[in-house]
Each structure stands twice: as structure tokens, then as C-alpha cells.
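Here is the structure we will look at, set down as C-alpha cells.
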Amino acid sequence: MEDKLVIAGQHIRSRFFLGTGKFASYEIMREAIIASGAHLVTVALRRVDAQSKSENILDYIPQGSIIMVNTSGARNADEAIRIARIGKTLGCGNWVKIEVIPDNKYLLPDNAQTIKATEVLAKEGFIVMPYMSPDLADARRLRDAGAASIMPLGSPIGTNKGLKVLELLKILIEEIKLPVVIDAGIGRPSHCAEAMEIGSSAVLVNTAVATAKDPVLTARAFALAVEAGRLGYCAGLKPEQECAEASSPLTGFLR
Amino acid sequence: MKISVNGEEVLAQEPVSIATLISQRKINPAAVVVEYNGAILACCDWEKTELKESDTLEIISFVGGG
């Protein structure tokens, strides 16, 4: 069975997307990318200061990867647009994850500003993947603004709590005919599998992998769970039911 | 003269081009983007751009991020 993930006309070889923040070293990050088979990875932009690493992170990202700039640090649409343009100048291509966060305690995104930035950047030819709170009306607005996919959170960034907004995610997957990528909150392989079983197109994970005791092994475990969950979805899993249903024949008992 | 580099006010000796300032700071020029007074400046213009009093410079590079 052919089951390709295509976003903005591009085939993405793995449904496991990996963020590159918080790794102890660029070498470990690279190993985690390779071990997971991730094809799409995210990076961020920051001011260069005396503490900045002199190495270029791009040198550690395997050739052929799709590198998506995350506008993290943006507090409004204008800042997100500015960061996206800088990323493109740095040779990162057209992929941008719009992340607009005005709140530092829960790191929840500002959907209204995200929609505004999506509209501008999609018109400029960016492939826009907005990170959002799972709201159906806003998801429709993002689609209409030209988003290539939508990326609702499962739970707040870095909390490892999994799909706390499961019912809302199911609604977005049902209603929005764009790839839905669950981004944020995924903390263990079973969360990945669950995201894929409900029909998500992919997941994006960073903290849970980068801060694990063994990030390389964790990356692989997550990627395998993504694959397993996706196969389950494609296979057509039966829904839950209240009453038991025997798996052995109910005739010909030896009585 | 006083200029602003990455949000910090610094005293710079005139004349100084953006290319010189980048190399003085031991920054790998291939890994950064420069915003000069709010607009992205192509690296081919760094050499010929002399900094003036009150100029604002942002030097930005990729880092790990989710």
C-alpha cells in the first residue's frame, strides 16, 4: 500500500518531525535525526552573542533534510514575518513554522496573530505550517489564509502530557482537509501512536527526545511508534464498544 | 561613535565596515544574517557599508529549536 505524506507538493519521507532544540550537542542531535529517519527538522533563529556556538547547526543536519524555520521568540505577527524572512535569507528555503507566543507561563500560541502572519507569508511563497491552539474556526481561517498544514498542540510545549485535547484534535482532523501535524506535548511513544491512530498526518517532537536520558534511542522509539500508529490507522481499526464480543466461535461447545 | 549591536550599545572606532565588525567579533560570516537599521543587508554589501553614529545592527544565526 502506498501511503505517502505530501505537503505543498513535496513528499516527506517520515511522519516523525524532529525539533533540534535542547540537545546536549549538535553531534547527538545529528545522531537522533539519523536514528529516527526524520526528514523534516526545525531550527530557530537567535542573536549571535559571545556565548553562541561558533559551529553552524546546519552543518550537522543530514543532507537532504527539509529544514523548517520556527519563528519561536515572536510575540506577534510582525515579528514572526521578520524571522521567517531572515530564515529564508540564511538559506533555509521556504518552510516556516509560525509560532507566535505572547505568554511565557503556558507557552500557548496566539491564533489571531498566527493567522495574520500566515496570510502574509503564504502570499510571499512560503510553505506555512502554523502552530496553533486547537480551535476549529481558527483552523479554517488558517486554511483560507494559505497554510500548507495546521499544527495544533496536544498539550503545552515541553509538558510531556500527551493528547490532552484529544476530542478537539479529532474534530480538526475530520473537518480540515489539510495535513494535521500534532505539535507540542508529546512525551512518550504511546502518545505518537495515539496521534497517528486518530488520523494525524505527522507529529513534531522536540523536548521529549532532546532531554531524554538517551535521545538517540528515544528518537527511534518515537519514530517506530509513529509508524505503528499510522499502520493501525490505515488498516482501519474498529471503534471501542461497551459490551464484550467473543473472539472464539460461539457454537460447537464441548459440553 | 555609538552604535547598537544586538540590542547593546557599543562604542566603535570610525571608520568601520560591517564586514570588519563581523570579523573583529570572530563570527563566521557564512552562518549569519545581518539586519542593518531594520532591513536585511546582503553579505555582498557588508564590505562597502560603513557604520554611522546611531546605526542599529542585528547579527542573527540558526540555533536548535522546536
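The chains in the C-alpha cells are called A, B, ... from first to last as shown; in each chain the residues are counted from 1, and the ligands are counted from 1 in the order shown.
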TODO: Report as number ranges by chain the set of chain A residues whose atoms approach chain B to within 7 Å, with distances computed over only C-alpha atoms.
DONE: A: 19-22, 42-48, 56-57, 70, 86, 90, 206
Please, could you write that set of residues out with C-alpha atoms as a tab-separated table (two decimals), in the first residue's frame?
```
chain	number	residue	atom	x	y	z
A	19	GLY	CA	12.90	19.74	16.57
A	20	THR	CA	16.58	20.46	17.16
A	21	GLY	CA	16.44	22.46	20.40
A	22	LYS	CA	17.84	21.46	23.81
A	42	THR	CA	13.00	22.50	12.67
A	43	VAL	CA	15.53	25.15	13.67
A	44	ALA	CA	15.21	28.58	15.32
A	45	LEU	CA	16.96	31.93	14.96
A	46	ARG	CA	18.70	33.92	17.67
A	47	ARG	CA	21.07	36.84	18.05
A	48	VAL	CA	24.74	35.87	17.92
A	56	ASN	CA	26.82	26.23	12.24
A	57	ILE	CA	23.97	23.89	13.20
A	70	ASN	CA	10.47	28.08	13.65
A	86	ILE	CA	15.62	36.18	7.89
A	90	LEU	CA	20.10	32.34	5.67
A	206	ASN	CA	11.49	18.10	20.40
```
Task: strand (DSSP E) residues, from DSSP on the backbone, in range 101-203 of chain A, as a PyMOL selection string - done: chain A and resi 127-132+151-152+181-183+202-203
Open item on the list: If we count only C-alpha atoms and set the cut-off at 10 Å, which residues sit around Ile3 in chain B, ignoring sequence neighbours fewer than 6 positions away in its own chain? Please answer as a PyMOL selection string.
Closed with: chain B and resi 9-12+51-57
Convert the current residue selection to file output with N, CA and C atoms, as a short mmCIF file (atom, residue, chain, number, x, y, z; two decimals), in the first residue's frame.
```
data_model
loop_
_atom_site.label_atom_id
_atom_site.label_comp_id
_atom_site.auth_asym_id
_atom_site.auth_seq_id
_atom_site.Cartn_x
_atom_site.Cartn_y
_atom_site.Cartn_z
N GLU B 9 24.36 48.77 23.34
CA GLU B 9 25.04 49.95 22.84
C GLU B 9 26.55 49.72 22.92
N VAL B 10 27.26 49.92 21.81
CA VAL B 10 28.72 49.74 21.84
C VAL B 10 29.40 50.96 21.22
N LEU B 11 30.64 51.18 21.68
CA LEU B 11 31.44 52.26 21.12
C LEU B 11 32.32 51.66 20.03
N ALA B 12 32.26 52.21 18.83
CA ALA B 12 33.06 51.68 17.73
C ALA B 12 33.98 52.77 17.18
N LEU B 51 29.71 51.93 9.05
CA LEU B 51 28.73 52.23 10.11
C LEU B 51 28.78 53.71 10.49
N LYS B 52 27.61 54.24 10.82
CA LYS B 52 27.50 55.64 11.23
C LYS B 52 26.92 55.71 12.65
N GLU B 53 27.09 56.87 13.27
CA GLU B 53 26.52 57.13 14.59
C GLU B 53 25.04 56.68 14.64
N SER B 54 24.67 55.99 15.71
CA SER B 54 23.28 55.56 15.98
C SER B 54 22.76 54.45 15.07
N ASP B 55 23.63 53.84 14.27
CA ASP B 55 23.18 52.71 13.46
C ASP B 55 22.77 51.54 14.36
N THR B 56 21.87 50.75 13.84
CA THR B 56 21.42 49.56 14.57
C THR B 56 21.73 48.32 13.74
N LEU B 57 22.37 47.37 14.41
CA LEU B 57 22.79 46.15 13.72
C LEU B 57 22.25 44.94 14.49
#
```
TODO: Excluding Asp144 in chain A and residues on its chain fewer than 6 positions from it, collect all residues at most 10 Å away from it, counting only C-alpha atoms, and give them as a PyMOL selection string.
DONE: chain A and resi 115+118-119+138
Task: Residue contacts of range 131-135 of chain A (9 Å, only C-alpha atoms) excluding same-chain residues fewer than 4 positions away, as a list in words - done: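 That gives Lys97, Ile98, Glu99, Val100, Leu108, Pro109, Asp110, Asn111, Thr114, Ala139, Arg140, Ile150, Met151, Pro152, Leu153, Gly154, Val165, Leu168, Leu169, Leu172, Val181, Ile182, Asp183 and Ala184 of chain A.
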Kindly export the residues of the current selection with C-alpha atoms, as a PDB file, in the first residue's frame.
```pdb
ATOM      1  CA  LYS A  97       6.635  27.049  11.296  1.00  0.00           C
ATOM      2  CA  ILE A  98       4.770  30.040  12.606  1.00  0.00           C
ATOM      3  CA  GLU A  99       4.911  30.126  16.365  1.00  0.00           C
ATOM      4  CA  VAL A 100       3.591  33.295  17.973  1.00  0.00           C
ATOM      5  CA  LEU A 108       0.164  28.922  24.349  1.00  0.00           C
ATOM      6  CA  PRO A 109       0.036  30.359  20.838  1.00  0.00           C
ATOM      7  CA  ASP A 110      -1.856  33.470  19.743  1.00  0.00           C
ATOM      8  CA  ASN A 111      -4.094  32.147  16.959  1.00  0.00           C
ATOM      9  CA  THR A 114      -0.701  33.436  13.698  1.00  0.00           C
ATOM     10  CA  ALA A 139      -8.136  26.246  11.739  1.00  0.00           C
ATOM     11  CA  ARG A 140     -10.498  27.194   8.905  1.00  0.00           C
ATOM     12  CA  ILE A 150      -2.026  23.020  10.554  1.00  0.00           C
ATOM     13  CA  MET A 151      -0.109  22.083  13.678  1.00  0.00           C
ATOM     14  CA  PRO A 152      -2.348  22.011  16.755  1.00  0.00           C
ATOM     15  CA  LEU A 153      -0.835  21.321  20.159  1.00  0.00           C
ATOM     16  CA  GLY A 154      -1.570  18.121  22.075  1.00  0.00           C
ATOM     17  CA  VAL A 165      -7.195  17.908  23.775  1.00  0.00           C
ATOM     18  CA  LEU A 168     -10.685  18.718  19.610  1.00  0.00           C
ATOM     19  CA  LEU A 169      -7.867  17.186  17.565  1.00  0.00           C
ATOM     20  CA  LEU A 172      -9.794  19.236  13.290  1.00  0.00           C
ATOM     21  CA  VAL A 181       0.529  17.635  12.462  1.00  0.00           C
ATOM     22  CA  ILE A 182       0.318  17.272  16.238  1.00  0.00           C
ATOM     23  CA  ASP A 183       2.941  19.568  17.654  1.00  0.00           C
ATOM     24  CA  ALA A 184       3.822  20.004  21.316  1.00  0.00           C
TER      25      ALA A 184
END
```
Open item on the list: Report, in Å with one decimal, the straight-line distance from CA of Ile22 in chain B to CA of Trp46 in chain B.
Closed with: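 Distance between the two atoms: 9.0 Å.
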Task: Ser190 in chain A surroundings by only C-alpha atoms, 8 Å radius, close-in-sequence under 3 positions cut, as a list in words - done: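 Skipping anything fewer than 3 positions along the chain leaves Ala193, Glu194 and Ala225 of chain A.
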Export of prior selection with N, CA and C atoms as a short mmCIF file (atom, residue, chain, number, x, y, z; two decimals), in the first residue's frame:
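Written output follows (out_5.cif):
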```
data_model
loop_
_atom_site.label_atom_id
_atom_site.label_comp_id
_atom_site.auth_asym_id
_atom_site.auth_seq_id
_atom_site.Cartn_x
_atom_site.Cartn_y
_atom_site.Cartn_z
N ALA A 193 1.83 7.15 18.85
CA ALA A 193 0.96 6.14 18.25
C ALA A 193 -0.49 6.61 18.28
N GLU A 194 -0.88 7.17 19.42
CA GLU A 194 -2.27 7.64 19.56
C GLU A 194 -2.57 8.75 18.54
N ALA A 225 6.90 4.25 16.84
CA ALA A 225 5.51 4.36 17.32
C ALA A 225 4.67 5.13 16.30
#
```
TODO: Please measure the separation of CA of Val205 in chain A and CA of Arg141 in chain A, giving the value in Å to one decimal.
DONE: 24.8 Å
Task: Nearest-residue call for Val69 in chain A, choices A:Glu167, A:Ile198, A:Ile83, A:Ser54, using only C-alpha atoms - done: A:Ile83
Open item on the list: Env of His191 in chain A: 7 Å cut, atoms = only C-alpha atoms, seq-sep filter 5 positions within chain, self excluded. Answer as number ranges by chain.
Closed with: A: 162-163, 186
Please dump the current selection as a PDB file, in the first residue's frame; keep N, CA and C atoms.
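File part11.pdb, as written:
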```pdb
ATOM      1  N   GLY A 162       0.988  14.595  26.564  1.00  0.00           N
ATOM      2  CA  GLY A 162       0.273  13.864  25.510  1.00  0.00           C
ATOM      3  C   GLY A 162      -0.928  14.618  24.977  1.00  0.00           C
ATOM      4  N   LEU A 163      -1.887  13.868  24.455  1.00  0.00           N
ATOM      5  CA  LEU A 163      -3.010  14.485  23.742  1.00  0.00           C
ATOM      6  C   LEU A 163      -4.159  14.842  24.690  1.00  0.00           C
ATOM      7  N   ILE A 186       3.888  16.036  23.198  1.00  0.00           N
ATOM      8  CA  ILE A 186       4.085  14.594  23.036  1.00  0.00           C
ATOM      9  C   ILE A 186       5.304  14.166  23.858  1.00  0.00           C
TER      10      ILE A 186
END
```
